[in-house]
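Peer 1: Provided below: target_31.txt, containing compact mmCIF, C-alpha atoms.
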```txt
# COMPACT_ATOMS: atom_id res chain seq x y z
CA MET M 1 -9.27 20.43 -8.85
CA ILE M 2 -7.37 17.30 -9.83
CA GLN M 3 -4.94 17.91 -12.68
CA ASP M 4 -5.74 16.05 -15.89
CA ASN M 5 -2.27 14.52 -16.04
CA LEU M 6 -3.02 12.67 -12.79
CA LEU M 7 -6.18 11.07 -14.18
CA TYR M 8 -6.62 7.91 -16.26
CA ALA M 9 -9.61 6.78 -18.29
CA SER M 10 -10.08 3.54 -16.36
CA SER M 11 -8.83 1.57 -13.39
CA VAL M 12 -7.03 -0.71 -15.85
CA GLN M 13 -5.10 2.21 -17.34
CA ALA M 14 -4.23 3.57 -13.90
CA SER M 15 -2.95 0.13 -12.93
CA GLN M 16 -0.97 -0.16 -16.15
CA ALA M 17 0.69 3.18 -15.46
CA LEU M 18 1.64 2.19 -11.91
CA ILE M 19 3.06 -1.18 -12.96
CA THR M 20 5.03 0.48 -15.76
CA HIS M 21 6.42 2.95 -13.22
CA ILE M 22 7.59 0.09 -10.99
CA LEU M 23 9.20 -1.80 -13.86
CA ASP M 24 10.92 1.33 -15.18
CA ALA M 25 12.39 2.02 -11.74
CA MET M 26 13.66 -1.56 -11.53
CA GLU M 27 15.20 -1.34 -14.98
CA LYS M 28 17.17 1.74 -13.94
CA GLU M 29 18.71 -0.17 -11.02
CA PRO M 30 19.10 -3.74 -12.32
CA GLU M 31 21.58 -4.87 -9.70
CA ARG M 32 19.44 -4.76 -6.59
CA PRO M 33 16.20 -6.19 -5.13
CA PHE M 34 13.10 -4.03 -4.65
CA THR M 35 10.69 -3.95 -1.71
CA ILE M 36 7.01 -3.29 -2.38
CA ALA M 37 4.26 -2.90 0.24
CA LEU M 38 0.79 -3.82 -1.05
CA SER M 39 -2.69 -2.77 0.01
CA GLY M 40 -5.94 -4.69 -0.33
CA GLY M 41 -9.43 -3.91 -1.61
CA ASN M 42 -11.24 -3.62 -4.92
CA THR M 43 -8.75 -1.30 -6.61
CA PRO M 44 -5.67 -3.47 -5.89
CA ALA M 45 -7.64 -6.44 -7.22
CA VAL M 46 -7.61 -4.78 -10.65
CA LEU M 47 -3.90 -4.05 -10.24
CA PHE M 48 -3.13 -7.72 -9.48
CA GLU M 49 -5.22 -8.95 -12.40
CA VAL M 50 -3.59 -6.56 -14.85
CA TRP M 51 -0.12 -7.39 -13.55
CA GLU M 52 -0.65 -11.12 -14.00
CA ARG M 53 -2.42 -10.82 -17.36
CA GLU M 54 -0.26 -8.22 -19.09
CA TYR M 55 3.08 -7.86 -17.32
CA ALA M 56 3.99 -11.20 -15.72
CA ALA M 57 6.45 -12.10 -18.47
CA TYR M 58 8.20 -8.71 -18.21
CA THR M 59 8.51 -8.56 -14.42
CA PRO M 60 11.76 -9.66 -12.72
CA TRP M 61 9.93 -11.46 -9.92
CA THR M 62 13.12 -12.81 -8.35
CA ARG M 63 14.14 -9.24 -7.52
CA ILE M 64 10.87 -8.26 -5.78
CA TYR M 65 10.01 -8.82 -2.14
CA PHE M 66 6.41 -8.07 -1.22
CA TYR M 67 5.14 -6.80 2.12
CA TRP M 68 1.77 -5.48 3.23
CA VAL M 69 0.60 -2.00 4.12
CA ASP M 70 -2.22 -3.38 6.23
CA GLU M 71 -4.14 -6.54 6.97
CA ARG M 72 -7.43 -7.48 8.53
CA CYS M 73 -7.11 -9.81 11.48
CA VAL M 74 -8.46 -12.86 9.69
CA PRO M 75 -6.82 -16.02 8.30
CA PRO M 76 -5.57 -15.95 4.70
CA THR M 77 -8.45 -18.15 3.54
CA ASN M 78 -10.96 -15.47 4.60
CA ASP M 79 -12.42 -13.36 1.77
CA GLN M 80 -11.40 -10.21 3.68
CA SER M 81 -7.70 -11.13 3.80
CA ASN M 82 -5.50 -8.70 1.87
CA PHE M 83 -2.81 -11.36 1.55
CA GLY M 84 -5.38 -13.86 0.33
CA LEU M 85 -6.46 -11.47 -2.43
CA ALA M 86 -2.90 -10.98 -3.71
CA TYR M 87 -2.22 -14.70 -3.47
CA ARG M 88 -5.32 -15.74 -5.43
CA LEU M 89 -5.06 -13.11 -8.16
CA LEU M 90 -1.30 -12.85 -8.59
CA PHE M 91 1.16 -14.91 -6.55
CA ASN M 92 -0.45 -18.31 -7.09
CA LYS M 93 -0.89 -17.71 -10.80
CA ILE M 94 2.73 -16.72 -11.40
CA LYS M 95 4.00 -19.33 -8.93
CA LEU M 96 5.86 -16.76 -6.84
CA PRO M 97 8.08 -18.57 -4.29
CA PRO M 98 7.06 -17.95 -0.65
CA MET M 99 10.51 -16.50 0.07
CA HIS M 100 9.45 -13.46 -1.97
CA TYR M 101 6.58 -12.34 0.24
CA TYR M 102 6.18 -11.55 3.92
CA ARG M 103 2.57 -11.65 4.96
CA ILE M 104 1.09 -10.13 8.08
CA VAL M 105 -0.26 -13.11 10.04
CA GLY M 106 -3.83 -11.93 10.39
CA GLU M 107 -4.92 -14.92 12.44
CA ALA M 108 -2.30 -14.23 15.16
CA ALA M 109 -2.83 -12.11 18.27
CA PRO M 110 -2.96 -8.54 16.86
CA GLU M 111 -0.71 -6.78 19.36
CA GLU M 112 1.93 -9.51 19.19
CA GLU M 113 1.81 -9.67 15.39
CA ALA M 114 2.20 -5.90 15.06
CA ILE M 115 5.39 -6.16 17.12
CA LEU M 116 6.66 -9.19 15.21
CA TYR M 117 5.93 -7.70 11.80
CA SER M 118 7.56 -4.42 12.78
CA SER M 119 10.68 -6.36 13.75
CA LEU M 120 10.60 -8.42 10.56
CA VAL M 121 10.30 -5.32 8.38
CA LYS M 122 13.10 -3.51 10.19
CA ALA M 123 15.32 -6.58 9.75
CA THR M 124 14.64 -7.11 6.03
CA VAL M 125 13.94 -3.67 4.56
CA PRO M 126 16.72 -1.04 4.34
CA THR M 127 16.31 1.64 6.99
CA ALA M 128 17.11 5.33 7.36
CA GLY M 129 17.68 5.82 11.03
CA ASP M 130 15.09 3.49 12.49
CA VAL M 131 12.51 3.92 9.68
CA PRO M 132 12.14 1.18 7.04
CA VAL M 133 12.47 2.67 3.55
CA PHE M 134 10.44 0.69 1.02
CA ASP M 135 11.00 1.20 -2.67
CA PHE M 136 7.25 1.37 -3.27
CA VAL M 137 4.37 1.75 -0.84
CA LEU M 138 1.05 1.31 -2.66
CA LEU M 139 -1.84 3.04 -0.92
CA GLY M 140 -5.54 3.57 -1.38
CA ILE M 141 -7.86 6.25 -0.01
CA GLY M 142 -11.17 5.73 1.76
CA GLU M 143 -14.14 8.05 1.36
CA ASP M 144 -13.42 9.32 4.90
CA GLY M 145 -9.81 10.11 3.99
CA HIS M 146 -8.24 7.09 5.67
CA THR M 147 -5.26 5.22 4.26
CA SER M 148 -3.43 2.10 5.49
CA SER M 149 -6.26 1.46 7.98
CA ILE M 150 -5.33 4.71 9.72
CA PHE M 151 -8.77 6.21 10.21
CA PRO M 152 -9.44 9.86 11.08
CA ASP M 153 -9.88 8.98 14.76
CA ARG M 154 -6.36 7.47 14.96
CA ARG M 155 -4.21 10.18 13.46
CA ASP M 156 -1.73 9.53 16.26
CA LEU M 157 -0.58 6.52 14.23
CA LEU M 158 0.81 8.88 11.58
CA THR M 159 3.71 9.71 13.88
CA ALA M 160 4.03 6.41 15.77
CA GLU M 161 7.51 5.13 16.52
CA GLU M 162 7.01 1.55 15.32
CA PRO M 163 6.36 0.84 11.61
CA TYR M 164 3.24 -1.23 12.33
CA ALA M 165 0.46 -0.96 14.90
CA VAL M 166 -3.02 -2.25 15.68
CA SER M 167 -5.99 -0.25 14.38
CA VAL M 168 -9.75 -0.67 14.67
CA ASN M 169 -12.18 0.20 11.90
CA PRO M 170 -14.55 2.65 13.67
CA TYR M 171 -17.49 1.68 11.47
CA ASN M 172 -17.59 -2.09 11.91
CA LYS M 173 -15.07 -2.52 14.78
CA SER M 174 -12.95 -4.98 12.80
CA ILE M 175 -9.35 -5.20 14.02
CA ARG M 176 -6.48 -4.55 11.64
CA ILE M 177 -2.71 -4.29 11.63
CA CYS M 178 -1.46 -1.29 9.70
CA MET M 179 1.65 0.50 8.53
CA THR M 180 2.09 3.72 10.45
CA GLY M 181 2.93 7.11 8.97
CA ARG M 182 6.70 7.25 8.89
CA PRO M 183 7.35 4.33 6.49
CA MET M 184 4.66 5.67 4.15
CA ILE M 185 6.26 9.10 4.12
CA GLU M 186 9.87 7.92 3.81
CA ALA M 187 9.28 5.42 0.98
CA LYS M 188 11.18 6.09 -2.23
CA HIS M 189 7.82 6.06 -4.04
CA THR M 190 4.55 6.59 -2.16
CA CYS M 191 1.88 5.69 -4.72
CA PHE M 192 -1.84 6.31 -4.30
CA LEU M 193 -4.01 4.16 -6.58
CA VAL M 194 -7.53 5.61 -6.43
CA THR M 195 -10.54 4.62 -8.54
CA GLY M 196 -14.26 5.31 -8.54
CA LYS M 197 -16.44 8.41 -8.82
CA ASN M 198 -17.20 8.15 -5.11
CA LYS M 199 -13.56 9.11 -4.41
CA CYS M 200 -13.61 12.36 -6.40
CA SER M 201 -14.72 14.63 -3.57
CA ILE M 202 -12.32 13.31 -0.93
CA LEU M 203 -9.43 13.28 -3.39
CA ASN M 204 -9.94 16.92 -4.24
CA ARG M 205 -9.89 17.74 -0.53
CA ILE M 206 -6.76 15.67 0.07
CA LEU M 207 -4.86 17.39 -2.73
CA ASN M 208 -5.76 20.80 -1.24
CA LYS M 209 -2.73 21.87 0.77
CA ASP M 210 -4.91 23.97 3.09
CA LYS M 211 -6.32 20.67 4.38
CA MET M 212 -3.01 18.81 4.55
CA ASP M 213 -3.36 17.73 8.16
CA ILE M 214 -7.09 17.01 8.32
CA TYR M 215 -7.20 13.51 6.81
CA PRO M 216 -4.66 10.70 7.28
CA ALA M 217 -4.29 10.31 3.50
CA SER M 218 -3.80 14.06 3.13
CA TYR M 219 -1.09 14.08 5.77
CA VAL M 220 0.78 11.31 3.96
CA TRP M 221 0.34 12.92 0.54
CA HIS M 222 1.69 16.30 1.62
CA HIS M 223 4.53 14.96 3.78
CA ALA M 224 5.74 12.07 1.62
CA ARG M 225 9.19 12.27 0.10
CA ASN M 226 7.91 11.29 -3.37
CA PRO M 227 4.10 11.05 -3.60
CA GLN M 228 2.48 9.91 -6.83
CA LEU M 229 -1.16 9.59 -7.82
CA TYR M 230 -2.77 7.13 -10.21
CA ALA M 231 -6.44 7.97 -10.32
CA SER M 232 -9.46 6.97 -12.38
CA LEU M 233 -12.62 8.75 -11.22
```
The structure in this file should be written as structure tokens.
Peer 2:
Amino acid sequence: MIQDNLLYASSVQASQALITHILDAMEKEPERPFTIALSGGNTPAVLFEVWEREYAAYTPWTRIYFYWVDERCVPPTNDQSNFGLAYRLLFNKIKLPPMHYYRIVGEAAPEEEAILYSSLVKATVPTAGDVPVFDFVLLGIGEDGHTSSIFPDRRDLLTAEEPYAVSVNPYNKSIRICMTGRPMIEAKHTCFLVTGKNKCSILNRILNKDKMDIYPASYVWHHARNPQLYASL
């Protein structure tokens, strides 16, 4: 069962707790920039709205550099674009300078963009060995246990050498570029933001250590250096 101290009454409260965690971490190390990898979808939409509405004035935006966990291979104007979502709900409203975010170019050739984005991340994010170490990697969980567009049929991506790779959604065959397992695991804070009653069953299974290698999200949760859960179910 999920511990009560990991649960919040609403998606807004879960988002508030995650944002507060990020700001607290930044306050403890005021001299350096922070790198944050964002996900897309309905739950991050709430996160972006809460951040802009309640925390924009308290956030040291000039010290944050945003990256993406994954992206659908569509242009930023497409409704399915993860970058487009963050831009509409947060970046545009706070007038974040473009130098503070590095989008995955979804409209580019997928294989080439995965290579280019891997190189960009390795050149701009601190590394341990050859693995980029983000300050925060913000993840979601699908009902099938996928995370970062690593679906159960592509668990090989959890141990891939490069930080980004091409993935295909097995249900609708849409092409995506996704962060692979090692950067998720090595992040200083690997944060799962999970909302909705439909996620209760899979989340209970993921938290069960006996099933730690069955689902991609479970693998990341149980292997991550510092996993944290913000859930409203």
Peer 1: Which residue, M:Cys178, M:Leu193, M:Ile64, M:Leu18, has the smallest gap to Ile115 of chain M when you use all atoms listed in the file?
Peer 2: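 For Ile115 of chain M, the nearest of the given residues is M:Cys178.
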Peer 1: Please list as a PDB file with C-alpha atoms, keeping the file's coordinate frame every residue within 9 Å of segment 116-123 of chain M, counting all atoms listed in the file and excluding residues in the same chain fewer than 3 positions away.
Peer 2:
```
ATOM      1  CA  TYR M  67       5.140  -6.800   2.120  1.00  0.00           C
ATOM      2  CA  TYR M 102       6.180 -11.550   3.920  1.00  0.00           C
ATOM      3  CA  ARG M 103       2.570 -11.650   4.960  1.00  0.00           C
ATOM      4  CA  ILE M 104       1.090 -10.130   8.080  1.00  0.00           C
ATOM      5  CA  VAL M 105      -0.260 -13.110  10.040  1.00  0.00           C
ATOM      6  CA  GLU M 111      -0.710  -6.780  19.360  1.00  0.00           C
ATOM      7  CA  GLU M 112       1.930  -9.510  19.190  1.00  0.00           C
ATOM      8  CA  GLU M 113       1.810  -9.670  15.390  1.00  0.00           C
ATOM      9  CA  PRO M 126      16.720  -1.040   4.340  1.00  0.00           C
ATOM     10  CA  THR M 127      16.310   1.640   6.990  1.00  0.00           C
ATOM     11  CA  ASP M 130      15.090   3.490  12.490  1.00  0.00           C
ATOM     12  CA  VAL M 131      12.510   3.920   9.680  1.00  0.00           C
ATOM     13  CA  PRO M 132      12.140   1.180   7.040  1.00  0.00           C
ATOM     14  CA  GLU M 162       7.010   1.550  15.320  1.00  0.00           C
ATOM     15  CA  PRO M 163       6.360   0.840  11.610  1.00  0.00           C
ATOM     16  CA  TYR M 164       3.240  -1.230  12.330  1.00  0.00           C
ATOM     17  CA  ALA M 165       0.460  -0.960  14.900  1.00  0.00           C
ATOM     18  CA  MET M 179       1.650   0.500   8.530  1.00  0.00           C
TER      19      MET M 179
END
```
Peer 1: Looking at all atoms listed in the file, which of M:Tyr230, M:Phe151, M:Phe134, M:Trp61 is the one that sits closest to Glu186 of chain M?
Peer 2: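 Selected residue with least distance to Glu186 of chain M: M:Phe134.
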Peer 1: Restricting the calculation to only C-alpha atoms: of M:Glu29, M:Asp70, M:Glu52, M:Asp210, which residue gets closest to Gly140 of chain M?
Peer 2: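 Of all the options, M:Asp70 lies closest to Gly140 of chain M.
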Peer 1: Padding of 6 Å on every side, edges along x, y and z, all listed atoms of segment 88-99 of chain M included: what centre and edge lengths in Å, to one decimal, does that box have, as JSON?
Peer 2:
```
{"center_x": 2.6, "center_y": -16.1, "center_z": -5.7, "size_x": 27.8, "size_y": 18.5, "size_z": 23.5}
```
Peer 1: Give the answer as one residue: which of M:Arg225, M:Lys199, M:Arg72, M:Arg88 has the shortest atom-to-atom distance to His146 of chain M, using all atoms listed in the file?
Peer 2: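 Between M:Arg225, M:Lys199, M:Arg72, M:Arg88, the residue approaching His146 of chain M most closely is M:Lys199.
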Peer 1: For segment 73-87 of chain M, please output as a PyMOL selection string all residues within 7 Å (counting all atoms listed in the file; exclusion window: fewer than 5 positions along the same chain).
Peer 2: chain M and resi 39-40+48+92+103+106-107+110+175-176
Peer 1: Please return, as a PyMOL selection string, all polymer residues that have at least one atom within 8 Å of the point (5.0, -11.4, -0.8); use only C-alpha atoms and the file's own coordinate frame.
Peer 2: chain M and resi 65-68+91+98-103
Peer 1: Neighbourhood query: residues within 12 Å of (7.6, 11.1, 12.4), file coordinates, counting all atoms listed in the file; return as a ChimeraX atom specification.
Peer 2: /M:129-131,155-163,180-186,219-220,223-224
Peer 1: Using all atoms listed in the file, which residue out of M:Ile214, M:Leu233, M:Thr35, M:Leu23 lies closest to Thr124 of chain M?
Peer 2: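 Residue with the minimum atom-to-atom distance to Thr124 of chain M: M:Thr35.
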Peer 1: In Å, rounded to a single decimal, give me how far atom CA of Ala109 of chain M is from atom CA of Val137 of chain M.
Peer 2: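 Going from atom CA of Val137 of chain M over to atom CA of Ala109 of chain M covers 24.7 Å.
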Peer 1: As an exercise, work out the distance from atom CA of Leu207 of chain M to atom CA of Ala45 of chain M in Å and give it to one decimal place.
Peer 2: 24.4 Å
Peer 1: Nearest residue to Ile177 of chain M out of M:Phe136, M:Val69, M:Cys191, M:His222, using only C-alpha atoms?
Peer 2: M:Val69
Peer 1: To one decimal in Å, tell me the separation between atom CA of Leu229 of chain M and atom CA of Ala217 of chain M.
Peer 2: 11.8 Å
Peer 1: Name all residues at most 6 Å from segment 6-11 of chain M (count only C-alpha atoms; drop same-chain ones fewer than 4 positions away) and give them as a PyMOL selection string.
Peer 2: chain M and resi 195+231-232
